[in-house]
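Data block for work_29.pdb (PDB, C-alpha atoms and all ligand atoms):
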```pdb
ATOM      1  CA  MET A   1       8.937   7.616   7.773
ATOM      2  CA  MET A   2      10.910   7.000   4.663
ATOM      3  CA  VAL A   3      12.445   3.548   4.477
ATOM      4  CA  ASP A   4      15.204   4.216   2.026
ATOM      5  CA  SER A   5      17.990   6.743   2.178
ATOM      6  CA  GLU A   6      17.893   7.375  -1.577
ATOM      7  CA  ASP A   7      16.404  10.748  -2.336
ATOM      8  CA  THR A   8      15.342   9.943  -5.879
ATOM      9  CA  PRO A   9      11.740   8.782  -5.838
ATOM     10  CA  LEU A  10      11.024   5.554  -7.689
ATOM     11  CA  LEU A  11       7.797   7.170  -8.897
ATOM     12  CA  HIS A  12       7.389  10.927  -9.151
ATOM     13  CA  ILE A  13       4.060  12.308 -10.315
ATOM     14  CA  HIS A  14       4.461  16.004 -10.962
ATOM     15  CA  ASP A  15       1.577  18.454 -11.126
ATOM     16  CA  ILE A  16      -0.673  16.200 -13.193
ATOM     17  CA  GLN A  17      -3.830  17.531 -14.812
ATOM     18  CA  ALA A  18      -6.088  15.034 -16.548
ATOM     19  CA  GLY A  19      -9.733  14.340 -17.307
ATOM     20  CA  TYR A  20     -12.245  12.935 -19.750
ATOM     21  CA  GLY A  21     -13.373  15.089 -22.679
ATOM     22  CA  LYS A  22     -14.430  18.443 -21.261
ATOM     23  CA  ILE A  23     -14.421  17.168 -17.698
ATOM     24  CA  SER A  24     -11.349  17.948 -15.694
ATOM     25  CA  VAL A  25     -10.674  15.449 -12.872
ATOM     26  CA  LEU A  26      -7.081  15.921 -11.694
ATOM     27  CA  HIS A  27      -6.169  19.526 -10.984
ATOM     28  CA  GLY A  28      -2.432  19.472 -10.456
ATOM     29  CA  LEU A  29      -1.610  16.472  -8.327
ATOM     30  CA  THR A  30       1.911  15.791  -7.110
ATOM     31  CA  LEU A  31       2.929  12.549  -5.399
ATOM     32  CA  ASP A  32       6.143  10.637  -4.707
ATOM     33  CA  VAL A  33       6.863   7.025  -3.889
ATOM     34  CA  TYR A  34      10.359   6.101  -2.695
ATOM     35  CA  PRO A  35      12.023   2.726  -3.234
ATOM     36  CA  SER A  36      10.705  -0.008  -0.917
ATOM     37  CA  GLU A  37       7.835   2.061   0.393
ATOM     38  CA  ILE A  38       4.182   1.158   0.717
ATOM     39  CA  VAL A  39       2.185   4.329   0.066
ATOM     40  CA  SER A  40      -1.600   4.539   0.371
ATOM     41  CA  ILE A  41      -3.988   6.916  -1.336
ATOM     42  CA  ILE A  42      -7.280   7.460   0.406
ATOM     43  CA  GLY A  43     -10.121   9.868  -0.395
ATOM     44  CA  PRO A  44     -13.815  10.064  -1.238
ATOM     45  CA  ASN A  45     -15.552   8.413  -4.205
ATOM     46  CA  GLY A  46     -15.059  10.366  -7.392
ATOM     47  CA  ALA A  47     -11.974  12.229  -6.125
ATOM     48  CA  GLY A  48      -9.892  11.057  -9.082
ATOM     49  CA  LYS A  49      -7.866   8.274  -7.458
ATOM     50  CA  SER A  50      -8.432   5.696 -10.194
ATOM     51  CA  THR A  51      -8.019   8.406 -12.826
ATOM     52  CA  LEU A  52      -4.569   9.070 -11.409
ATOM     53  CA  PHE A  53      -3.532   5.436 -11.919
ATOM     54  CA  LYS A  54      -4.907   5.466 -15.473
ATOM     55  CA  ALA A  55      -2.862   8.574 -16.190
ATOM     56  CA  VAL A  56       0.297   7.009 -14.725
ATOM     57  CA  PHE A  57      -0.132   3.759 -16.600
ATOM     58  CA  GLY A  58      -0.790   5.335 -19.984
ATOM     59  CA  PHE A  59      -4.507   4.628 -20.324
ATOM     60  CA  LEU A  60      -5.201   8.351 -20.176
ATOM     61  CA  THR A  61      -2.973  11.119 -21.508
ATOM     62  CA  PRO A  62      -2.358  13.858 -18.955
ATOM     63  CA  ARG A  63      -3.144  17.399 -20.138
ATOM     64  CA  SER A  64      -0.130  18.688 -18.316
ATOM     65  CA  GLY A  65       2.408  17.580 -15.770
ATOM     66  CA  SER A  66       4.773  14.637 -15.887
ATOM     67  CA  VAL A  67       5.356  11.140 -14.545
ATOM     68  CA  TRP A  68       8.867   9.899 -13.750
ATOM     69  CA  PHE A  69      10.055   6.382 -12.977
ATOM     70  CA  GLY A  70      13.440   6.882 -11.412
ATOM     71  CA  LYS A  71      15.251   9.061 -13.912
ATOM     72  CA  ASN A  72      13.011   8.089 -16.848
ATOM     73  CA  ASN A  73      10.229  10.331 -18.036
ATOM     74  CA  ILE A  74       7.354   7.910 -18.660
ATOM     75  CA  THR A  75       4.634  10.497 -19.264
ATOM     76  CA  SER A  76       2.188   9.333 -21.944
ATOM     77  CA  LEU A  77       4.025   6.105 -22.769
ATOM     78  CA  THR A  78       1.730   3.246 -23.796
ATOM     79  CA  PRO A  79       0.785   0.658 -21.136
ATOM     80  CA  GLU A  80       2.932  -1.932 -22.993
ATOM     81  CA  LYS A  81       6.012   0.287 -22.698
ATOM     82  CA  ILE A  82       5.248   1.042 -19.059
ATOM     83  CA  LEU A  83       5.103  -2.682 -18.277
ATOM     84  CA  LYS A  84       8.629  -2.975 -19.684
ATOM     85  CA  HIS A  85       9.720  -0.408 -17.110
ATOM     86  CA  GLU A  86       8.789  -2.981 -14.457
ATOM     87  CA  ILE A  87       5.622  -1.308 -13.297
ATOM     88  CA  ALA A  88       2.479  -3.394 -12.829
ATOM     89  CA  TYR A  89      -1.100  -2.247 -12.428
ATOM     90  CA  VAL A  90      -4.098  -3.988 -10.871
ATOM     91  CA  PRO A  91      -7.175  -1.943 -11.861
ATOM     92  CA  GLN A  92     -10.228  -1.416  -9.667
ATOM     93  CA  GLU A  93     -12.389  -3.350 -12.144
ATOM     94  CA  ARG A  94     -12.274  -7.139 -12.221
ATOM     95  CA  THR A  95      -9.905  -8.299 -14.925
ATOM     96  CA  SER A  96      -9.246 -12.024 -14.593
ATOM     97  CA  PHE A  97     -10.116 -14.386 -17.461
ATOM     98  CA  PRO A  98     -13.044 -16.393 -16.043
ATOM     99  CA  ASP A  99     -12.887 -19.308 -18.491
ATOM    100  CA  MET A 100      -9.209 -19.957 -17.930
ATOM    101  CA  THR A 101      -7.580 -21.779 -15.038
ATOM    102  CA  VAL A 102      -5.499 -20.079 -12.375
ATOM    103  CA  GLU A 103      -2.324 -21.262 -14.075
ATOM    104  CA  GLU A 104      -3.414 -19.955 -17.490
ATOM    105  CA  ASN A 105      -4.310 -16.580 -15.983
ATOM    106  CA  LEU A 106      -0.850 -16.371 -14.456
ATOM    107  CA  GLN A 107       0.758 -17.269 -17.784
ATOM    108  CA  MET A 108      -1.122 -14.375 -19.383
ATOM    109  CA  GLY A 109       0.577 -12.098 -16.870
ATOM    110  CA  MET A 110       3.938 -13.134 -18.258
ATOM    111  CA  TYR A 111       2.979 -13.048 -21.939
ATOM    112  CA  VAL A 112       2.121  -9.346 -21.707
ATOM    113  CA  VAL A 113       5.808  -8.619 -21.199
ATOM    114  CA  GLY A 114       6.820 -11.102 -23.895
ATOM    115  CA  GLU A 115       8.816 -13.409 -21.602
ATOM    116  CA  SER A 116       8.532 -17.118 -21.185
ATOM    117  CA  VAL A 117      11.883 -18.234 -19.781
ATOM    118  CA  ARG A 118      11.066 -16.929 -16.318
ATOM    119  CA  MET A 119       7.659 -18.597 -16.218
ATOM    120  CA  LYS A 120       8.397 -21.425 -13.771
ATOM    121  CA  PRO A 121      10.250 -19.478 -11.063
ATOM    122  CA  ALA A 122       7.766 -16.609 -11.388
ATOM    123  CA  MET A 123       4.872 -18.967 -10.856
ATOM    124  CA  GLN A 124       6.585 -20.527  -7.883
ATOM    125  CA  ARG A 125       7.107 -17.086  -6.395
ATOM    126  CA  VAL A 126       3.447 -16.082  -6.687
ATOM    127  CA  PHE A 127       2.368 -19.438  -5.281
ATOM    128  CA  GLU A 128       4.536 -18.731  -2.245
ATOM    129  CA  LEU A 129       2.679 -15.449  -1.794
ATOM    130  CA  PHE A 130      -0.720 -17.026  -2.469
ATOM    131  CA  PRO A 131      -0.641 -20.647  -1.241
ATOM    132  CA  ARG A 132      -4.377 -20.863  -1.816
ATOM    133  CA  LEU A 133      -3.840 -20.384  -5.542
ATOM    134  CA  ALA A 134      -1.253 -23.147  -5.596
ATOM    135  CA  GLU A 135      -3.863 -25.565  -4.270
ATOM    136  CA  ARG A 136      -6.283 -24.440  -6.963
ATOM    137  CA  ARG A 137      -3.983 -23.991  -9.899
ATOM    138  CA  ARG A 138      -6.169 -26.038 -12.245
ATOM    139  CA  GLN A 139      -9.483 -24.520 -11.174
ATOM    140  CA  THR A 140     -11.381 -22.318 -13.649
ATOM    141  CA  VAL A 141     -11.214 -18.790 -12.283
ATOM    142  CA  GLY A 142     -14.909 -18.040 -12.947
ATOM    143  CA  THR A 143     -15.835 -20.703 -10.369
ATOM    144  CA  MET A 144     -13.717 -19.175  -7.606
ATOM    145  CA  SER A 145     -14.818 -16.865  -4.774
ATOM    146  CA  GLY A 146     -14.501 -13.085  -5.133
ATOM    147  CA  GLY A 147     -11.504 -13.049  -2.813
ATOM    148  CA  GLU A 148      -9.737 -15.800  -4.725
ATOM    149  CA  GLN A 149     -10.375 -14.015  -8.032
ATOM    150  CA  ARG A 150      -8.856 -10.842  -6.567
ATOM    151  CA  MET A 151      -5.803 -12.900  -5.574
ATOM    152  CA  VAL A 152      -5.529 -14.199  -9.150
ATOM    153  CA  GLU A 153      -5.531 -10.622 -10.484
ATOM    154  CA  ILE A 154      -2.826  -9.525  -8.085
ATOM    155  CA  ALA A 155      -0.780 -12.670  -8.705
ATOM    156  CA  ARG A 156      -1.039 -12.189 -12.470
ATOM    157  CA  ALA A 157       0.273  -8.619 -12.208
ATOM    158  CA  LEU A 158       3.199  -9.898 -10.125
ATOM    159  CA  MET A 159       4.339 -12.535 -12.633
ATOM    160  CA  PRO A 160       6.911 -10.271 -14.383
ATOM    161  CA  GLU A 161       8.352  -9.348 -10.936
ATOM    162  CA  PRO A 162       7.610  -5.626 -11.123
ATOM    163  CA  ARG A 163       9.596  -3.141  -9.056
ATOM    164  CA  LEU A 164       6.499  -1.013  -8.557
ATOM    165  CA  LEU A 165       2.939  -2.253  -8.108
ATOM    166  CA  LEU A 166      -0.019   0.105  -8.540
ATOM    167  CA  ILE A 167      -3.028  -1.501  -6.945
ATOM    168  CA  ASP A 168      -6.512   0.026  -6.982
ATOM    169  CA  GLU A 169      -8.693  -1.015  -4.033
ATOM    170  CA  PRO A 170      -7.359  -4.508  -3.380
ATOM    171  CA  SER A 171      -9.876  -5.140  -0.585
ATOM    172  CA  ALA A 172     -13.041  -3.806  -2.255
ATOM    173  CA  GLY A 173     -15.987  -6.169  -1.918
ATOM    174  CA  LEU A 174     -14.127  -8.739   0.173
ATOM    175  CA  ALA A 175     -15.175 -10.146   3.534
ATOM    176  CA  PRO A 176     -13.096  -8.767   6.451
ATOM    177  CA  VAL A 177     -11.224 -12.021   6.988
ATOM    178  CA  ILE A 178     -10.208 -12.168   3.311
ATOM    179  CA  ASN A 179      -9.187  -8.534   3.102
ATOM    180  CA  LYS A 180      -6.955  -9.089   6.124
ATOM    181  CA  GLN A 181      -5.204 -11.802   4.106
ATOM    182  CA  VAL A 182      -4.872  -9.504   1.100
ATOM    183  CA  PHE A 183      -3.272  -6.774   3.233
ATOM    184  CA  ALA A 184      -0.964  -9.338   4.837
ATOM    185  CA  THR A 185       0.120 -10.499   1.384
ATOM    186  CA  ILE A 186       0.809  -6.929   0.242
ATOM    187  CA  ARG A 187       2.943  -6.430   3.300
ATOM    188  CA  LYS A 188       4.797  -9.681   2.697
ATOM    189  CA  LEU A 189       5.418  -8.704  -0.920
ATOM    190  CA  ASN A 190       6.980  -5.481   0.310
ATOM    191  CA  MET A 191       8.993  -6.997   3.181
ATOM    192  CA  ASP A 192      10.203 -10.228   1.577
ATOM    193  CA  TYR A 193      10.593  -9.166  -2.049
ATOM    194  CA  GLY A 194      11.192  -5.439  -1.652
ATOM    195  CA  THR A 195       8.433  -4.542  -4.101
ATOM    196  CA  THR A 196       7.413  -0.892  -3.889
ATOM    197  CA  ILE A 197       3.652  -0.453  -3.639
ATOM    198  CA  LEU A 198       1.261   2.400  -4.346
ATOM    199  CA  MET A 199      -2.217   1.413  -3.249
ATOM    200  CA  ILE A 200      -5.638   3.084  -3.410
ATOM    201  CA  GLU A 201      -7.931   1.976  -0.582
ATOM    202  CA  GLN A 202     -11.342   2.831   0.871
ATOM    203  CA  ASN A 203     -10.417   0.827   3.906
ATOM    204  CA  ALA A 204      -8.310   3.735   5.122
ATOM    205  CA  ARG A 205      -7.292   2.574   8.564
ATOM    206  CA  GLN A 206      -6.133  -0.875   7.499
ATOM    207  CA  ALA A 207      -4.328   0.555   4.494
ATOM    208  CA  LEU A 208      -2.476   3.167   6.557
ATOM    209  CA  GLU A 209      -1.589   0.581   9.170
ATOM    210  CA  ILE A 210       0.494  -1.369   6.661
ATOM    211  CA  SER A 211       1.817   1.730   4.816
ATOM    212  CA  HIS A 212       4.806   3.944   5.426
ATOM    213  CA  ARG A 213       3.110   7.074   4.111
ATOM    214  CA  GLY A 214      -0.233   8.183   2.798
ATOM    215  CA  TYR A 215      -1.935  10.787   0.629
ATOM    216  CA  VAL A 216      -5.484  12.063   0.957
ATOM    217  CA  VAL A 217      -6.797  12.932  -2.488
ATOM    218  CA  GLU A 218      -9.865  15.142  -2.627
ATOM    219  CA  ASP A 219     -11.351  16.760  -5.701
ATOM    220  CA  GLY A 220      -8.394  15.982  -7.936
ATOM    221  CA  TYR A 221      -5.563  17.181  -5.800
ATOM    222  CA  ASN A 222      -3.568  16.036  -2.823
ATOM    223  CA  ARG A 223      -5.102  17.608   0.275
ATOM    224  CA  PHE A 224      -2.955  15.963   2.972
ATOM    225  CA  ASN A 225       0.116  13.793   2.944
ATOM    226  CA  GLY A 226       2.475  12.500   5.557
ATOM    227  CA  SER A 227       3.630   9.466   7.474
ATOM    228  CA  SER A 228       0.848   6.951   8.057
ATOM    229  CA  LYS A 229       1.219   7.535  11.764
ATOM    230  CA  SER A 230       0.652  11.276  11.440
ATOM    231  CA  LEU A 231      -2.384  10.725   9.202
ATOM    232  CA  LEU A 232      -3.854   8.138  11.614
ATOM    233  CA  HIS A 233      -3.534  10.704  14.419
ATOM    234  CA  ASN A 234      -4.866  13.697  12.479
ATOM    235  CA  PRO A 235      -8.291  14.566  13.995
ATOM    236  CA  GLU A 236      -9.658  15.883  10.686
ATOM    237  CA  ILE A 237      -8.675  12.684   8.872
ATOM    238  CA  GLN A 238     -10.033  10.583  11.730
ATOM    239  CA  GLN A 239     -13.349  12.380  11.431
ATOM    240  CA  MET A 240     -13.590  12.066   7.656
ATOM    241  CA  TYR A 241     -11.970   8.728   6.855
ATOM    242  CA  LEU A 242     -11.335   6.691   9.959
ATOM    243  CA  GLY A 243     -14.791   6.495  11.485
ATOM    244  CA  GLY A 244     -14.085   9.354  13.895
ATOM    245  CA  THR A 245     -12.640   7.078  16.561
ATOM    246  CA  PRO A 246      -9.252   8.238  17.730
ATOM    247  CA  ARG A 247      -6.999   5.346  18.620
ATOM    248  CA  LEU A 248      -4.022   5.800  20.875
TER     249      LEU A 248
HETATM  250  N1  LIG A 301     -14.275   7.026 -18.556
HETATM  251  C1  LIG A 301     -14.780   8.111 -17.963
HETATM  252  N2  LIG A 301     -15.453   9.051 -18.669
HETATM  253  C2  LIG A 301     -15.957  10.152 -18.062
HETATM  254  N3  LIG A 301     -15.824  10.435 -16.766
HETATM  255  C3  LIG A 301     -15.164   9.534 -16.016
HETATM  256  C4  LIG A 301     -14.607   8.335 -16.565
HETATM  257  N4  LIG A 301     -14.014   7.639 -15.575
HETATM  258  C5  LIG A 301     -14.181   8.380 -14.458
HETATM  259  N5  LIG A 301     -14.885   9.517 -14.715
HETATM  260  C6  LIG A 301     -15.239  10.568 -13.737
HETATM  261  O1  LIG A 301     -14.055  11.067 -13.164
HETATM  262  C7  LIG A 301     -14.260  11.357 -11.775
HETATM  263  C8  LIG A 301     -13.186  10.628 -10.961
HETATM  264  O2  LIG A 301     -13.378   9.211 -11.110
HETATM  265  P1  LIG A 301     -12.373   8.152 -10.477
HETATM  266  O3  LIG A 301     -12.839   6.834 -10.922
HETATM  267  O4  LIG A 301     -11.005   8.566 -10.768
HETATM  268  O5  LIG A 301     -12.677   8.376  -8.921
HETATM  269  P2  LIG A 301     -12.163   7.534  -7.673
HETATM  270  O6  LIG A 301     -11.541   8.506  -6.723
HETATM  271  O7  LIG A 301     -11.372   6.382  -8.107
HETATM  272  O8  LIG A 301     -13.560   7.048  -7.033
HETATM  273  P3  LIG A 301     -13.952   5.647  -6.325
HETATM  274  O9  LIG A 301     -13.482   5.789  -4.903
HETATM  275  O10 LIG A 301     -15.433   5.626  -6.406
HETATM  276  O11 LIG A 301     -13.311   4.529  -7.066
HETATM  277  C9  LIG A 301     -15.674  10.939 -11.446
HETATM  278  O12 LIG A 301     -16.478  12.095 -11.443
HETATM  279  C10 LIG A 301     -16.041  10.010 -12.584
HETATM  280  O13 LIG A 301     -17.432  10.076 -12.866
HETATM  281 MG    MG A 302     -11.619   4.394  -8.033
END
```

Just give me the structure as structure tokens.
Ligand SMILES: Nc1ncnc2c1ncn2[C@@H]1O[C@H](COP(=O)(O)OP(=O)(O)OP(=O)(O)O)[C@@H](O)[C@H]1O
Ligand SMILES: [Mg+2]
Amino acid sequence: MMVDSEDTPLLHIHDIQAGYGKISVLHGLTLDVYPSEIVSIIGPNGAGKSTLFKAVFGFLTPRSGSVWFGKNNITSLTPEKILKHEIAYVPQERTSFPDMTVEENLQMGMYVVGESVRMKPAMQRVFELFPRLAERRRQTVGTMSGGEQRMVEIARALMPEPRLLLIDEPSAGLAPVINKQVFATIRKLNMDYGTTILMIEQNARQALEISHRGYVVEDGYNRFNGSSKSLLHNPEIQQMYLGGTPRL
């Protein structure tokens, strides 16, 4: 189900081919995200999901195809320029600064877009989303739990108030109770602040349950896509990605 009547996607990835050196990873992948949607990408290890985000965010130049943000062609722009388009990216790898405090990490999130006037309200906003970080604002990030460090990374990406958040496996390596909180926060970000979210997740069922739509990426292209509900009820997807247990 689409949540917005606008027919122009906020993000349109068109027939992208990309890879590393001689290795081709994405073989013509097309994907749309509409304003105010949460869209999940699921698929096996090595399918090219993270490569897709790197190609969108300018860390990897696509060999062909294009990436559009609204009406702007953002194909092959540098990550710095893409940030200015109000897109944020939380990579799969851990990226917080361990020797800095929570507050300093969040400030870094604002410096990357060269803004300082919005610092206070932006920090207040992320502390509303992550009350746990507010309590620990002066703690050194390297001493925090894995789940808390993941929250710092997400919070840092949200400092410039992006319109679109690309988030690669937010729940990876977290205990079930913590990943529930992370999913709840992503949902709150979407519902309360209207942020559009494109999320890669191994935790397919939980991801689809909070998403409007989903894509199944296999071997560098998009094998299935549809409403989350239709994907959750697709027997083939249930078998491959949802533990094979149909749920009514
Ligand atoms: N920097 C790199 N240089 C060479 N090959 C790479 C590089 N990064 C990724 N690859 C290869 O590209 C393919 C796709 O990797 P990618 O990280 O996009 O997969 P993924 O779908 O995100 O997998 P996972 O679910 O394990 O995170 C893999 O075969 C991987 O080995
Ligand atoms: Mg990955």

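The space between atom O12 of ligand LIG 301 (chain A) and CA of Leu60 in chain A spans 14.7 Å.
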
Please produce, as JSON lines, a per-residue contact table for chain A versus ligand MG 302 (chain A) (criterion: any atom at most 9 Å away, all atoms listed in the file considered), showing the nearest atom pair and its distance in Å to one decimal, sorted by chain then residue number.
```
{"residue": "A:Asn45", "atom": "CA", "partner": "A:MG302", "partner_atom": "MG", "distance": 6.8}
{"residue": "A:Gly46", "atom": "CA", "partner": "A:MG302", "partner_atom": "MG", "distance": 6.9}
{"residue": "A:Ala47", "atom": "CA", "partner": "A:MG302", "partner_atom": "MG", "distance": 8.1}
{"residue": "A:Gly48", "atom": "CA", "partner": "A:MG302", "partner_atom": "MG", "distance": 7.0}
{"residue": "A:Lys49", "atom": "CA", "partner": "A:MG302", "partner_atom": "MG", "distance": 5.4}
{"residue": "A:Ser50", "atom": "CA", "partner": "A:MG302", "partner_atom": "MG", "distance": 4.1}
{"residue": "A:Thr51", "atom": "CA", "partner": "A:MG302", "partner_atom": "MG", "distance": 7.2}
{"residue": "A:Pro91", "atom": "CA", "partner": "A:MG302", "partner_atom": "MG", "distance": 8.6}
{"residue": "A:Gln92", "atom": "CA", "partner": "A:MG302", "partner_atom": "MG", "distance": 6.2}
{"residue": "A:Glu93", "atom": "CA", "partner": "A:MG302", "partner_atom": "MG", "distance": 8.8}
{"residue": "A:Asp168", "atom": "CA", "partner": "A:MG302", "partner_atom": "MG", "distance": 6.8}
{"residue": "A:Glu169", "atom": "CA", "partner": "A:MG302", "partner_atom": "MG", "distance": 7.3}
{"residue": "A:Ile200", "atom": "CA", "partner": "A:MG302", "partner_atom": "MG", "distance": 7.7}
{"residue": "A:Glu201", "atom": "CA", "partner": "A:MG302", "partner_atom": "MG", "distance": 8.7}
```

Given the selection you just returned, output its residues as a file containing C-alpha atoms, formatted as a short mmCIF file (atom, residue, chain, number, x, y, z; two decimals), in the coordinates of the input.
```
data_model
loop_
_atom_site.label_atom_id
_atom_site.label_comp_id
_atom_site.auth_asym_id
_atom_site.auth_seq_id
_atom_site.Cartn_x
_atom_site.Cartn_y
_atom_site.Cartn_z
CA ASN A 45 -15.55 8.41 -4.20
CA GLY A 46 -15.06 10.37 -7.39
CA ALA A 47 -11.97 12.23 -6.12
CA GLY A 48 -9.89 11.06 -9.08
CA LYS A 49 -7.87 8.27 -7.46
CA SER A 50 -8.43 5.70 -10.19
CA THR A 51 -8.02 8.41 -12.83
CA PRO A 91 -7.18 -1.94 -11.86
CA GLN A 92 -10.23 -1.42 -9.67
CA GLU A 93 -12.39 -3.35 -12.14
CA ASP A 168 -6.51 0.03 -6.98
CA GLU A 169 -8.69 -1.01 -4.03
CA ILE A 200 -5.64 3.08 -3.41
CA GLU A 201 -7.93 1.98 -0.58
#
```

Among A:Leu164, A:Met199, A:Val141, A:Leu106, ligand LIG 301 (chain A) is approached most closely, using only C-alpha atoms and all ligand atoms, by A:Met199

- Task: Evaluate the PyMOL selection byres (((chain A and resi 213-226) around 8) and not hetatm) on the structure here and hand back the selected residues as a PyMOL selection string.
- Result: chain A and resi 1-2+25-31+37-44+46-49+208+211-212+227-231

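Considering only C-alpha atoms, the residue among A:Phe57, A:Ala122, A:Arg163, A:Glu103 positioned nearest to Arg136 in chain A is A:Glu103.
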
For the file shown, report as a ChimeraX atom specification the outcome of the PyMOL selection byres (((chain A and resi 72-86) around 10) and not hetatm) at residue level.
/A:10-14,16,54-71,87-89,112-114,157-158,160-165

Would you save the residues from that selection as a PDB file, keeping the file's coordinate frame, using C-alpha atoms?
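What ended up in part01.pdb:
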```
ATOM      1  CA  LEU A  10      11.024   5.554  -7.689  1.00  0.00           C
ATOM      2  CA  LEU A  11       7.797   7.170  -8.897  1.00  0.00           C
ATOM      3  CA  HIS A  12       7.389  10.927  -9.151  1.00  0.00           C
ATOM      4  CA  ILE A  13       4.060  12.308 -10.315  1.00  0.00           C
ATOM      5  CA  HIS A  14       4.461  16.004 -10.962  1.00  0.00           C
ATOM      6  CA  ILE A  16      -0.673  16.200 -13.193  1.00  0.00           C
ATOM      7  CA  LYS A  54      -4.907   5.466 -15.473  1.00  0.00           C
ATOM      8  CA  ALA A  55      -2.862   8.574 -16.190  1.00  0.00           C
ATOM      9  CA  VAL A  56       0.297   7.009 -14.725  1.00  0.00           C
ATOM     10  CA  PHE A  57      -0.132   3.759 -16.600  1.00  0.00           C
ATOM     11  CA  GLY A  58      -0.790   5.335 -19.984  1.00  0.00           C
ATOM     12  CA  PHE A  59      -4.507   4.628 -20.324  1.00  0.00           C
ATOM     13  CA  LEU A  60      -5.201   8.351 -20.176  1.00  0.00           C
ATOM     14  CA  THR A  61      -2.973  11.119 -21.508  1.00  0.00           C
ATOM     15  CA  PRO A  62      -2.358  13.858 -18.955  1.00  0.00           C
ATOM     16  CA  ARG A  63      -3.144  17.399 -20.138  1.00  0.00           C
ATOM     17  CA  SER A  64      -0.130  18.688 -18.316  1.00  0.00           C
ATOM     18  CA  GLY A  65       2.408  17.580 -15.770  1.00  0.00           C
ATOM     19  CA  SER A  66       4.773  14.637 -15.887  1.00  0.00           C
ATOM     20  CA  VAL A  67       5.356  11.140 -14.545  1.00  0.00           C
ATOM     21  CA  TRP A  68       8.867   9.899 -13.750  1.00  0.00           C
ATOM     22  CA  PHE A  69      10.055   6.382 -12.977  1.00  0.00           C
ATOM     23  CA  GLY A  70      13.440   6.882 -11.412  1.00  0.00           C
ATOM     24  CA  LYS A  71      15.251   9.061 -13.912  1.00  0.00           C
ATOM     25  CA  ILE A  87       5.622  -1.308 -13.297  1.00  0.00           C
ATOM     26  CA  ALA A  88       2.479  -3.394 -12.829  1.00  0.00           C
ATOM     27  CA  TYR A  89      -1.100  -2.247 -12.428  1.00  0.00           C
ATOM     28  CA  VAL A 112       2.121  -9.346 -21.707  1.00  0.00           C
ATOM     29  CA  VAL A 113       5.808  -8.619 -21.199  1.00  0.00           C
ATOM     30  CA  GLY A 114       6.820 -11.102 -23.895  1.00  0.00           C
ATOM     31  CA  ALA A 157       0.273  -8.619 -12.208  1.00  0.00           C
ATOM     32  CA  LEU A 158       3.199  -9.898 -10.125  1.00  0.00           C
ATOM     33  CA  PRO A 160       6.911 -10.271 -14.383  1.00  0.00           C
ATOM     34  CA  GLU A 161       8.352  -9.348 -10.936  1.00  0.00           C
ATOM     35  CA  PRO A 162       7.610  -5.626 -11.123  1.00  0.00           C
ATOM     36  CA  ARG A 163       9.596  -3.141  -9.056  1.00  0.00           C
ATOM     37  CA  LEU A 164       6.499  -1.013  -8.557  1.00  0.00           C
ATOM     38  CA  LEU A 165       2.939  -2.253  -8.108  1.00  0.00           C
TER      39      LEU A 165
END
```

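Our summary of the geometry notes that CA of Val152 in chain A is positioned 6.7 Å from CA of Val102 in chain A.
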
Atom pair CA of Thr195 in chain A + CA of His233 in chain A, distance 26.8 Å

Among A:Val182, A:Gln238, A:Val117, A:Ala204, ligand LIG 301 (chain A) is approached most closely, using only C-alpha atoms and all ligand atoms, by A:Ala204

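Between Arg94 in chain A and the residues A:Ala207, A:Pro235, A:Ala172, A:Ile186, the shortest atom-to-atom distance, using all atoms listed in the file, involves A:Ala172.
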
If you count only C-alpha atoms and all ligand atoms, the residue of A:Thr95, A:Ser24, A:Gln239, A:Ser145 closest to ligand LIG 301 (chain A) turns out to be A:Ser24

Could you pull range 116-122 of chain A out of the block above and save it with N, CA, C and O atoms, as a compact mmCIF listing (two decimals), in the first residue's frame?
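Wrote it out as part06.txt, contents follow:
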```txt
# COMPACT_ATOMS: atom_id res chain seq x y z
N SER A 116 25.64 24.71 11.98
CA SER A 116 25.75 24.64 13.43
C SER A 116 24.56 25.32 14.11
O SER A 116 24.27 25.04 15.25
N VAL A 117 23.85 26.17 13.37
CA VAL A 117 22.74 26.90 13.99
C VAL A 117 21.62 25.97 14.48
O VAL A 117 20.95 26.26 15.46
N ARG A 118 21.45 24.85 13.78
CA ARG A 118 20.34 23.96 14.12
C ARG A 118 20.73 22.91 15.17
O ARG A 118 19.98 21.99 15.45
N MET A 119 21.93 23.06 15.72
CA MET A 119 22.47 22.01 16.58
C MET A 119 21.56 21.66 17.76
O MET A 119 21.25 20.51 18.00
N LYS A 120 21.14 22.69 18.50
CA LYS A 120 20.37 22.43 19.74
C LYS A 120 19.04 21.73 19.47
O LYS A 120 18.76 20.69 20.06
N PRO A 121 18.19 22.33 18.59
CA PRO A 121 16.91 21.65 18.33
C PRO A 121 17.10 20.26 17.73
O PRO A 121 16.34 19.34 18.03
N ALA A 122 18.14 20.10 16.90
CA ALA A 122 18.37 18.79 16.28
C ALA A 122 18.72 17.76 17.34
O ALA A 122 18.26 16.62 17.32
```
